[in-house]
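Coordinates from run06.cif are shown below (mmCIF, C-alpha atoms).
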```
data_entry
#
loop_
_atom_site.label_atom_id
_atom_site.label_comp_id
_atom_site.auth_asym_id
_atom_site.auth_seq_id
_atom_site.Cartn_x
_atom_site.Cartn_y
_atom_site.Cartn_z
CA MET N 1 -17.07 -19.54 -7.59
CA GLU N 2 -16.37 -18.99 -3.89
CA PRO N 3 -16.18 -15.28 -3.00
CA GLY N 4 -12.72 -13.99 -2.19
CA ILE N 5 -11.57 -12.13 0.89
CA LEU N 6 -12.47 -8.50 1.49
CA GLY N 7 -9.83 -6.85 3.66
CA VAL N 8 -10.67 -3.96 5.97
CA ILE N 9 -7.98 -1.80 7.57
CA ALA N 10 -9.37 1.02 9.73
CA ASN N 11 -6.74 3.21 11.37
CA PRO N 12 -8.02 4.30 14.81
CA ALA N 13 -5.43 7.10 14.95
CA SER N 14 -6.33 8.76 11.65
CA GLY N 15 -8.00 12.15 11.90
CA LYS N 16 -6.54 12.83 15.36
CA ASP N 17 -3.02 14.24 14.90
CA ILE N 18 -1.46 17.56 15.99
CA ARG N 19 -3.13 19.48 13.16
CA ARG N 20 -6.18 19.67 15.44
CA LEU N 21 -4.05 21.91 17.69
CA ILE N 22 -1.91 23.96 15.32
CA ALA N 23 -4.62 24.31 12.66
CA HIS N 24 -8.36 23.64 12.54
CA ALA N 25 -8.58 20.08 11.26
CA ALA N 26 -11.71 18.17 12.20
CA VAL N 27 -11.54 15.19 14.53
CA VAL N 28 -12.77 11.92 13.04
CA SER N 29 -13.99 10.07 16.12
CA ASP N 30 -14.15 6.35 16.71
CA ALA N 31 -17.94 6.61 16.65
CA ALA N 32 -17.81 8.20 13.19
CA LYS N 33 -15.49 5.44 11.95
CA ARG N 34 -17.81 2.75 13.33
CA GLY N 35 -20.68 4.36 11.42
CA ILE N 36 -18.61 4.39 8.24
CA LEU N 37 -17.67 0.74 8.71
CA ARG N 38 -21.26 -0.24 9.45
CA ARG N 39 -22.50 1.23 6.18
CA LEU N 40 -19.51 -0.19 4.32
CA LEU N 41 -20.16 -3.74 5.53
CA ILE N 42 -23.87 -3.52 4.74
CA GLY N 43 -23.00 -2.52 1.19
CA ALA N 44 -20.33 -5.21 0.84
CA ALA N 45 -22.69 -7.96 2.00
CA ALA N 46 -25.43 -6.75 -0.35
CA ALA N 47 -22.96 -6.98 -3.25
CA GLY N 48 -22.06 -10.58 -2.49
CA ALA N 49 -19.01 -10.38 -0.19
CA ARG N 50 -19.02 -13.24 2.29
CA ARG N 51 -15.56 -13.21 3.92
CA VAL N 52 -14.13 -10.17 5.68
CA HIS N 53 -10.68 -10.18 7.30
CA TYR N 54 -9.91 -7.06 9.31
CA LEU N 55 -7.37 -5.25 11.47
CA PRO N 56 -8.45 -5.65 15.12
CA GLY N 57 -7.48 -3.53 18.11
CA PRO N 58 -8.62 -2.20 21.47
CA HIS N 59 -10.85 0.40 19.77
CA ARG N 60 -13.02 -2.46 18.41
CA LEU N 61 -13.98 -0.45 15.33
CA VAL N 62 -15.02 -3.35 13.09
CA GLU N 63 -16.36 -5.52 15.92
CA ASP N 64 -18.68 -2.79 17.15
CA ALA N 65 -19.70 -1.90 13.59
CA LEU N 66 -20.84 -5.49 13.09
CA ASP N 67 -22.63 -5.68 16.43
CA GLY N 68 -26.35 -6.10 15.92
CA LEU N 69 -26.12 -6.51 12.14
CA ASP N 70 -27.62 -9.66 10.64
CA LEU N 71 -25.30 -10.02 7.66
CA PRO N 72 -24.16 -13.13 5.78
CA LEU N 73 -20.53 -12.28 6.51
CA GLU N 74 -17.80 -14.45 7.95
CA ALA N 75 -15.68 -11.90 9.80
CA GLU N 76 -12.19 -12.85 10.96
CA ALA N 77 -9.71 -10.71 12.91
CA LEU N 78 -6.19 -10.75 11.51
CA PRO N 79 -3.54 -11.96 13.99
CA VAL N 80 -1.86 -8.57 14.44
CA ASP N 81 -0.21 -7.59 17.72
CA PHE N 82 -1.56 -4.08 18.19
CA THR N 83 1.14 -1.42 18.64
CA GLY N 84 -0.86 1.73 17.96
CA SER N 85 1.53 2.66 15.13
CA ALA N 86 1.78 2.36 11.35
CA LEU N 87 3.24 -1.12 11.93
CA ASP N 88 -0.32 -2.36 12.54
CA THR N 89 -1.43 -1.25 9.09
CA ARG N 90 1.68 -2.76 7.49
CA SER N 91 1.18 -6.07 9.31
CA ALA N 92 -2.48 -6.25 8.31
CA ALA N 93 -1.69 -5.50 4.64
CA ARG N 94 1.08 -8.11 4.64
CA LEU N 95 -1.29 -10.76 6.03
CA LEU N 96 -4.01 -9.85 3.53
CA ARG N 97 -1.48 -10.23 0.73
CA GLU N 98 -0.51 -13.68 2.01
CA ARG N 99 -4.18 -14.66 2.14
CA GLY N 100 -4.82 -13.42 -1.39
CA ALA N 101 -7.39 -10.74 -0.54
CA ALA N 102 -9.34 -9.68 -3.62
CA ALA N 103 -9.91 -6.10 -2.43
CA VAL N 104 -8.86 -4.05 0.60
CA VAL N 105 -10.75 -1.07 1.99
CA VAL N 106 -8.50 1.31 3.96
CA LEU N 107 -9.96 3.95 6.28
CA GLY N 108 -7.42 6.69 6.93
CA GLY N 109 -5.50 9.48 5.28
CA ASP N 110 -2.52 9.58 2.96
CA GLY N 111 -0.21 8.16 5.63
CA THR N 112 -2.39 5.12 6.33
CA CYS N 113 -2.68 4.30 2.63
CA ARG N 114 1.07 4.67 2.26
CA ALA N 115 1.71 2.26 5.14
CA ALA N 116 -0.56 -0.35 3.55
CA ALA N 117 1.08 0.03 0.14
CA ALA N 118 4.56 -0.21 1.68
CA ALA N 119 3.71 -3.74 2.84
CA TRP N 120 1.86 -4.67 -0.36
CA PRO N 121 3.06 -2.58 -3.34
CA GLY N 122 0.42 -4.00 -5.71
CA LEU N 123 -2.37 -3.58 -3.18
CA PRO N 124 -5.93 -3.59 -4.66
CA ILE N 125 -7.08 -0.69 -2.50
CA LEU N 126 -10.26 1.28 -2.04
CA PRO N 127 -9.08 4.18 0.16
CA LEU N 128 -11.75 6.02 2.16
CA SER N 129 -11.01 9.44 3.65
CA THR N 130 -10.87 9.58 7.45
CA GLY N 131 -7.53 11.33 7.85
CA THR N 132 -6.27 14.92 7.81
CA ASN N 133 -4.75 15.38 4.36
CA ASN N 134 -6.83 13.15 2.11
CA VAL N 135 -5.30 13.54 -1.35
CA PHE N 136 -4.97 9.83 -2.07
CA PRO N 137 -8.20 8.54 -0.42
CA VAL N 138 -11.55 9.13 -2.07
CA ALA N 139 -14.63 10.83 -0.67
CA CYS N 140 -17.37 8.28 -1.22
CA GLU N 141 -20.48 7.32 0.71
CA PRO N 142 -19.43 4.15 2.58
CA THR N 143 -22.50 2.21 1.43
CA VAL N 144 -21.51 2.79 -2.19
CA ALA N 145 -17.85 2.01 -1.42
CA GLY N 146 -18.97 -1.23 0.24
CA LEU N 147 -21.05 -2.20 -2.79
CA ALA N 148 -18.05 -1.59 -5.06
CA ALA N 149 -15.54 -3.44 -2.90
CA GLY N 150 -18.01 -6.27 -2.33
CA LEU N 151 -18.56 -6.75 -6.06
CA VAL N 152 -14.81 -7.15 -6.58
CA ALA N 153 -14.34 -9.39 -3.54
CA ALA N 154 -17.22 -11.61 -4.69
CA GLY N 155 -15.66 -11.92 -8.16
CA ARG N 156 -18.69 -10.34 -9.81
CA VAL N 157 -16.64 -7.49 -11.34
CA PRO N 158 -13.09 -8.43 -12.43
CA LEU N 159 -10.26 -6.38 -10.97
CA ASP N 160 -9.15 -5.41 -14.50
CA ASP N 161 -12.51 -3.66 -14.95
CA ALA N 162 -12.47 -2.17 -11.47
CA ALA N 163 -9.15 -0.45 -10.86
CA SER N 164 -6.40 1.72 -12.28
CA ARG N 165 -2.73 1.53 -11.38
CA CYS N 166 -1.41 4.67 -9.66
CA PRO N 167 2.21 5.88 -9.59
CA ARG N 168 4.56 5.67 -6.61
CA ILE N 169 7.79 7.26 -5.42
CA HIS N 170 10.45 4.70 -4.54
CA VAL N 171 12.64 6.03 -1.72
CA GLU N 172 16.13 4.79 -0.93
CA VAL N 173 18.13 6.16 2.00
CA GLU N 174 21.78 5.20 2.32
CA GLY N 175 22.18 2.29 4.70
CA GLU N 176 18.45 1.91 5.41
CA PRO N 177 15.51 -0.16 4.09
CA PRO N 178 13.61 1.30 1.08
CA ASP N 179 10.31 3.11 1.43
CA LEU N 180 7.65 4.69 -0.77
CA ALA N 181 5.23 7.58 -1.13
CA LEU N 182 1.93 7.75 -3.00
CA VAL N 183 1.36 11.52 -3.15
CA ASP N 184 4.50 13.48 -2.29
CA ALA N 185 7.91 13.47 -0.68
CA ALA N 186 9.60 16.45 0.95
CA LEU N 187 12.91 17.41 2.50
CA VAL N 188 12.38 19.31 5.75
CA ASN N 189 15.14 21.44 7.23
CA ASP N 190 14.87 20.13 10.78
CA ARG N 191 16.64 17.67 13.06
CA PHE N 192 13.66 15.92 14.63
CA ALA N 193 10.56 14.17 13.33
CA GLY N 194 8.62 15.60 16.27
CA ALA N 195 4.86 15.45 15.80
CA ARG N 196 5.45 14.15 12.26
CA ALA N 197 2.98 16.45 10.49
CA VAL N 198 4.39 19.07 8.09
CA TRP N 199 2.98 22.56 8.67
CA LYS N 200 5.90 25.04 8.81
CA PRO N 201 6.63 26.27 5.26
CA ALA N 202 9.96 27.91 6.21
CA GLU N 203 11.35 24.45 6.98
CA LEU N 204 10.56 23.02 3.53
CA THR N 205 13.53 22.70 1.18
CA ALA N 206 12.20 20.60 -1.72
CA VAL N 207 9.19 18.52 -2.71
CA LEU N 208 8.56 15.81 -5.29
CA LEU N 209 4.89 15.56 -6.28
CA LEU N 210 2.84 12.81 -7.86
CA ARG N 211 -0.30 14.91 -7.37
CA SER N 212 -0.75 18.63 -7.96
CA ASP N 213 -4.16 20.03 -7.08
CA PRO N 214 -5.28 23.47 -5.87
CA ALA N 215 -8.39 21.92 -4.30
CA VAL N 216 -6.60 19.85 -1.62
CA THR N 217 -4.66 20.54 1.56
CA GLY N 218 -1.03 19.58 2.00
CA LEU N 219 2.08 19.65 -0.15
CA ALA N 220 0.18 18.71 -3.32
CA ALA N 221 -1.50 22.12 -3.09
CA ILE N 222 1.85 23.88 -3.67
CA GLY N 223 1.98 22.77 -7.29
CA GLY N 224 -1.75 23.25 -7.62
CA MET N 225 -1.71 26.87 -6.41
CA LEU N 226 1.13 27.61 -8.83
CA GLY N 227 -0.95 26.19 -11.68
CA LEU N 228 1.65 23.50 -12.33
CA PRO N 229 0.31 20.11 -13.43
CA VAL N 230 2.22 16.90 -12.77
CA PRO N 231 3.61 15.91 -16.18
CA GLU N 232 2.19 12.83 -17.82
CA GLY N 233 4.66 10.01 -17.35
CA GLY N 234 6.44 11.45 -14.36
CA ALA N 235 6.53 13.66 -11.27
CA LEU N 236 6.98 17.35 -10.48
CA ALA N 237 10.02 18.57 -8.51
CA ILE N 238 9.80 21.95 -6.76
CA ASP N 239 12.63 23.75 -4.98
CA LEU N 240 11.51 25.86 -2.02
CA GLY N 241 12.96 28.72 0.00
CA GLU N 242 14.04 32.33 -0.28
CA PRO N 243 14.52 34.12 -2.59
CA GLY N 244 11.55 32.97 -4.59
CA ARG N 245 8.03 33.57 -5.76
CA VAL N 246 5.60 33.42 -2.85
CA VAL N 247 2.35 31.48 -3.16
CA ARG N 248 -0.30 31.03 -0.48
CA VAL N 249 -1.07 27.38 0.17
CA PRO N 250 -3.58 25.47 2.38
CA LEU N 251 -0.90 23.36 4.06
CA ALA N 252 -3.39 21.85 6.53
CA PRO N 253 -7.12 22.25 7.21
CA GLY N 254 -7.63 25.81 8.41
CA LEU N 255 -3.99 26.74 7.80
CA VAL N 256 -3.22 28.92 4.75
CA VAL N 257 0.43 30.02 4.68
CA PRO N 258 2.93 31.66 2.29
CA VAL N 259 5.41 29.30 0.63
CA ALA N 260 8.49 30.59 -1.22
CA VAL N 261 9.19 28.76 -4.50
CA ARG N 262 12.58 29.05 -6.19
CA GLY N 263 11.98 26.80 -9.19
CA HIS N 264 10.42 23.65 -10.58
CA ARG N 265 11.00 20.97 -13.22
CA PRO N 266 9.36 17.80 -14.56
CA VAL N 267 10.95 14.49 -13.57
CA PRO N 268 10.20 11.54 -15.91
CA PHE N 269 9.47 8.10 -14.51
CA GLY N 270 12.72 6.32 -13.74
CA GLU N 271 14.84 9.48 -13.38
CA PRO N 272 16.30 9.82 -9.86
CA VAL N 273 16.11 12.87 -7.64
CA GLU N 274 18.76 13.09 -4.92
CA TRP N 275 18.55 14.98 -1.65
CA CYS N 276 21.33 15.27 0.91
CA GLY N 277 21.08 15.58 4.68
CA PRO N 278 20.92 16.88 7.26
CA GLY N 279 17.14 17.05 7.39
CA ILE N 280 13.96 15.06 7.77
CA LEU N 281 12.40 13.14 4.91
CA ALA N 282 8.61 13.56 4.93
CA LEU N 283 6.54 11.06 2.96
CA ASP N 284 2.90 11.76 2.14
CA GLY N 285 2.82 14.65 4.58
CA GLU N 286 4.42 12.88 7.55
CA ARG N 287 7.99 13.18 8.80
CA GLU N 288 9.38 9.67 8.55
CA ARG N 289 13.17 9.44 8.13
CA ARG N 290 16.03 11.47 9.58
CA LEU N 291 18.89 12.20 7.19
CA LEU N 292 22.25 12.64 8.86
CA PRO N 293 24.74 15.22 7.55
CA GLY N 294 25.94 13.99 4.16
CA GLN N 295 23.48 11.08 4.08
CA ARG N 296 21.73 10.83 0.72
CA ALA N 297 18.18 9.97 -0.24
CA ARG N 298 17.40 8.80 -3.76
CA LEU N 299 13.83 9.19 -4.98
CA VAL N 300 12.50 7.68 -8.22
CA ALA N 301 8.92 7.89 -9.51
CA PHE N 302 7.49 4.77 -11.14
CA PRO N 303 4.07 4.05 -12.70
CA ASP N 304 3.58 0.66 -10.97
CA GLY N 305 1.97 1.58 -7.65
CA PRO N 306 -1.16 0.12 -6.03
CA LEU N 307 -4.32 -0.77 -7.93
CA VAL N 308 -6.92 1.80 -6.89
CA LEU N 309 -10.51 0.60 -7.03
CA GLU N 310 -12.89 3.12 -8.60
CA PRO N 311 -16.43 2.83 -7.15
CA GLY N 312 -18.15 4.65 -10.02
CA ARG N 313 -16.46 2.49 -12.62
CA ILE N 314 -17.23 -0.72 -10.71
CA LEU N 315 -20.88 0.10 -10.20
CA ALA N 316 -21.27 1.13 -13.84
CA ARG N 317 -19.89 -2.26 -14.96
CA ALA N 318 -22.22 -4.03 -12.56
CA ALA N 319 -25.23 -2.05 -13.77
CA GLU N 320 -24.36 -2.76 -17.42
CA ALA N 321 -24.25 -6.47 -16.58
CA GLY N 322 -27.63 -6.28 -14.82
CA LEU N 323 -26.19 -7.40 -11.49
CA PHE N 324 -28.61 -5.25 -9.50
CA ILE N 325 -31.77 -6.50 -11.27
CA GLU N 326 -33.76 -9.11 -9.41
CA VAL N 327 -36.40 -11.27 -11.14
CA PRO N 328 -39.44 -11.88 -8.91
CA CYS N 329 -40.13 -15.52 -8.06
CA GLY N 330 -42.48 -17.08 -10.60
CA ALA N 331 -42.11 -14.21 -13.06
CA ALA N 332 -42.11 -15.17 -16.70
CA HIS N 333 -38.98 -14.48 -18.71
CA ALA N 334 -39.27 -12.87 -22.10
CA ASP N 335 -38.20 -15.09 -24.99
#
```
Rewrite the structure of this file - the entire thing - as structure tokens.
Amino acid sequence: MEPGILGVIANPASGKDIRRLIAHAAVVSDAAKRGILRRLLIGAAAAGARRVHYLPGPHRLVEDALDGLDLPLEAEALPVDFTGSALDTRSAARLLRERGAAAVVVLGGDGTCRAAAAAWPGLPILPLSTGTNNVFPVACEPTVAGLAAGLVAAGRVPLDDAASRCPRIHVEVEGEPPDLALVDAALVNDRFAGARAVWKPAELTAVLLLRSDPAVTGLAAIGGMLGLPVPEGGALAIDLGEPGRVVRVPLAPGLVVPVAVRGHRPVPFGEPVEWCGPGILALDGERERRLLPGQRARLVAFPDGPLVLEPGRILARAAEAGLFIEVPCGAAHAD
């Protein structure tokens, strides 16, 4: 069987937003991303991947990562007109979907993963953390991630044994195209998207969470610090603002702030939540859509989001099948 396509989308802008100025987030440099990609591609080739299609750009992240490596990989740049925006990620994901990519590794944060999933809702994604708020991406040594993604791309571990489907928030704004979120959605009491990042708690009106975790930064930490789990089979809605119970939340790296919480409730899959403008709709921690006065946004959580590849699960299946065992030439086989 001919190996399938391994897609690689590395966002050059991830890990570089305003939260380096207003908080203390670390910068993820291009050099660091090239190192991550280098180890990733070495692992993928060792696992049997042979075709890599990637998002190109003036930063030459993948090209430079491949430079000097003697790998049995056929690397092809996707025909994306670089804009330096989330449109690049969306275009790359759309092309990979058309080409039938078996697995896609995405380097970025929550926003980059969201952009890829918006273009390919059933995306078979292995998300690697190189962003600011990394609730959706996983922290995994790139060599191991490359081995896992390569095994799936080569067809050596079936996708059914490699991934789990995650939930999504379907977002509809009156008179505008639909959108989605993979971690959280929020209504921000402001008129401008500005620098896009969400870091002022007084501006938050409401959040809808698919993840609630006290050990992350961002809006998902609000539910986590309150000790509120996301209900099985749904999402968690939280109303914010005074008067309310105050909880301290790591809203960004190096930024711990008080957030006033008025109330909360579970929201089953399929049940809509409606917010009304004016305000800014933030999706996965980034201000995305402006709501005009009286304009409504309808948000519905569903269980049918992207397929998230799980490196530990993939490598365990491969080890059980003996895929890493090599028989020396001329060695006798036991009967």
Practice prompt. Would you write out, as number ranges by chain, every residue that the PyMOL selection byres ((chain N and resi 181) around 10) captures in this file?
Written response: N: 110-111, 113-115, 117-118, 167-171, 179-180, 182-185, 208-210, 282-285, 299, 301, 305
Please produce an output containing C-alpha atoms for each residue in the selection, written as a JSON list (two decimals), in the frame of the given file.
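Listing of result-v8.json after writing:
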```
[["chain", "number", "residue", "atom", "x", "y", "z"],
["N", 110, "ASP", "CA", -2.52, 9.58, 2.96],
["N", 111, "GLY", "CA", -0.21, 8.16, 5.63],
["N", 113, "CYS", "CA", -2.68, 4.30, 2.63],
["N", 114, "ARG", "CA", 1.07, 4.67, 2.26],
["N", 115, "ALA", "CA", 1.71, 2.26, 5.14],
["N", 117, "ALA", "CA", 1.08, 0.03, 0.14],
["N", 118, "ALA", "CA", 4.56, -0.21, 1.68],
["N", 167, "PRO", "CA", 2.21, 5.88, -9.59],
["N", 168, "ARG", "CA", 4.56, 5.67, -6.61],
["N", 169, "ILE", "CA", 7.79, 7.26, -5.42],
["N", 170, "HIS", "CA", 10.45, 4.70, -4.54],
["N", 171, "VAL", "CA", 12.64, 6.03, -1.72],
["N", 179, "ASP", "CA", 10.31, 3.11, 1.43],
["N", 180, "LEU", "CA", 7.65, 4.69, -0.77],
["N", 182, "LEU", "CA", 1.93, 7.75, -3.00],
["N", 183, "VAL", "CA", 1.36, 11.52, -3.15],
["N", 184, "ASP", "CA", 4.50, 13.48, -2.29],
["N", 185, "ALA", "CA", 7.91, 13.47, -0.68],
["N", 208, "LEU", "CA", 8.56, 15.81, -5.29],
["N", 209, "LEU", "CA", 4.89, 15.56, -6.28],
["N", 210, "LEU", "CA", 2.84, 12.81, -7.86],
["N", 282, "ALA", "CA", 8.61, 13.56, 4.93],
["N", 283, "LEU", "CA", 6.54, 11.06, 2.96],
["N", 284, "ASP", "CA", 2.90, 11.76, 2.14],
["N", 285, "GLY", "CA", 2.82, 14.65, 4.58],
["N", 299, "LEU", "CA", 13.83, 9.19, -4.98],
["N", 301, "ALA", "CA", 8.92, 7.89, -9.51],
["N", 305, "GLY", "CA", 1.97, 1.58, -7.65]]
```
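Here atom CA of N:Thr130 is placed at a distance of 15.0 Å from atom CA of N:Thr143.
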Discussion item. Around (-18.2, -1.4, 15.8), as given in the file, which residues come within 9 Å? Count all atoms listed in the file and list them as a list in words.
Written reply: Asp30, Ala31, Lys33, Arg34, Gly35, Leu37, Arg38, His59, Arg60, Leu61, Val62, Glu63, Asp64, Ala65, Leu66 and Asp67 of chain N
Discussion item. Could you check the closest approach to N:Asn189 for each of N:Val157, N:Val247, N:Leu281, N:Leu126 and tell me which residue wins, using all atoms listed in the file?
Written reply: N:Leu281
Practice prompt. Enter the distance from atom CA of N:Ala92 to atom CA of N:Leu55, in Å, rounded to one decimal.
Written response: 5.9 Å
Worksheet item: What does the PyMOL selection byres ((chain N and resi 147-154) around 6) select in this file, as a list in words?
Response: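 Taken over the shown coordinates, the PyMOL selection byres ((chain N and resi 147-154) around 6) returns Pro3, Gly4, Ile5, Leu6, Gly43, Ala44, Ala47, Gly48, Ala49, Ala102, Ala103, Val144, Ala145, Gly146, Gly155, Arg156, Val157, Pro311 and Ile314 of chain N.
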Discussion item. Quick one: residues within 8 Å of N:Asn11, all atoms listed in the file, excluding same-chain residues fewer than 3 positions away - as a ChimeraX atom specification?
Written reply: /N:14,89,106-108,112
Worksheet item: Could you work out how far atom CA of N:Val28 lies from atom CA of N:Ala116, giving the answer in Å with one decimal?
Response: 19.7 Å
Discussion item. Expand the PyMOL selection byres ((chain N and resi 52) around 7) into the explicit residue set it covers here, and present it as number ranges by chain.
Written reply: N: 5-7, 50-51, 53-54, 73-76
Discussion item. I'd like the contact shell of N:Glu203 - 10 Å cut-off, all atoms listed in the file, skipping same-chain residues fewer than 4 positions apart - returned as a PyMOL selection string.
Written reply: chain N and resi 187-190+198-199+240-241+259+279-280
Worksheet, complete the sentence: From the list N:Asp213, N:Glu326, N:Glu98, N:Glu288, the nearest residue to N:Pro178 using only C-alpha atoms is N:Glu288
Worksheet entry | Distance query N:Glu310 at most 10 Å, all atoms listed in the file, self and fewer than 2 positions along chain excluded, as number ranges by chain | N: 125-127, 138, 145, 148-149, 161-164, 307-308, 312-315
What are the centre and the three edge lengths of an axis-aligned box that wraps all atoms of stretch 95-99 of chain N in the file, given that 4 Å is added to every side, written as JSON and rounded to one decimal in Å?
```
{"center_x": -2.3, "center_y": -12.3, "center_z": 3.4, "size_x": 11.7, "size_y": 12.8, "size_z": 13.3}
```
Which residues of stretch 213-248 of chain N have any atom within 10 Å of an atom in stretch 265-277 of chain N when counting all atoms listed in the file, and what is the closest pair of atoms for each, with the distance in Å to one decimal? Order the rows by chain and rising number and write it as a tab-separated table.
```
residue	atom	partner	partner_atom	distance
N:Leu228	CA	N:Arg265	CA	9.7
N:Pro229	CA	N:Pro266	CA	9.4
N:Val230	CA	N:Pro266	CA	7.4
N:Pro231	CA	N:Pro266	CA	6.3
N:Glu232	CA	N:Pro268	CA	8.3
N:Gly233	CA	N:Phe269	CA	5.9
N:Gly234	CA	N:Pro268	CA	4.1
N:Ala235	CA	N:Val267	CA	5.1
N:Leu236	CA	N:Pro266	CA	4.7
N:Ala237	CA	N:Arg265	CA	5.4
N:Ile238	CA	N:Arg265	CA	6.6
N:Asp239	CA	N:Arg265	CA	8.8
```
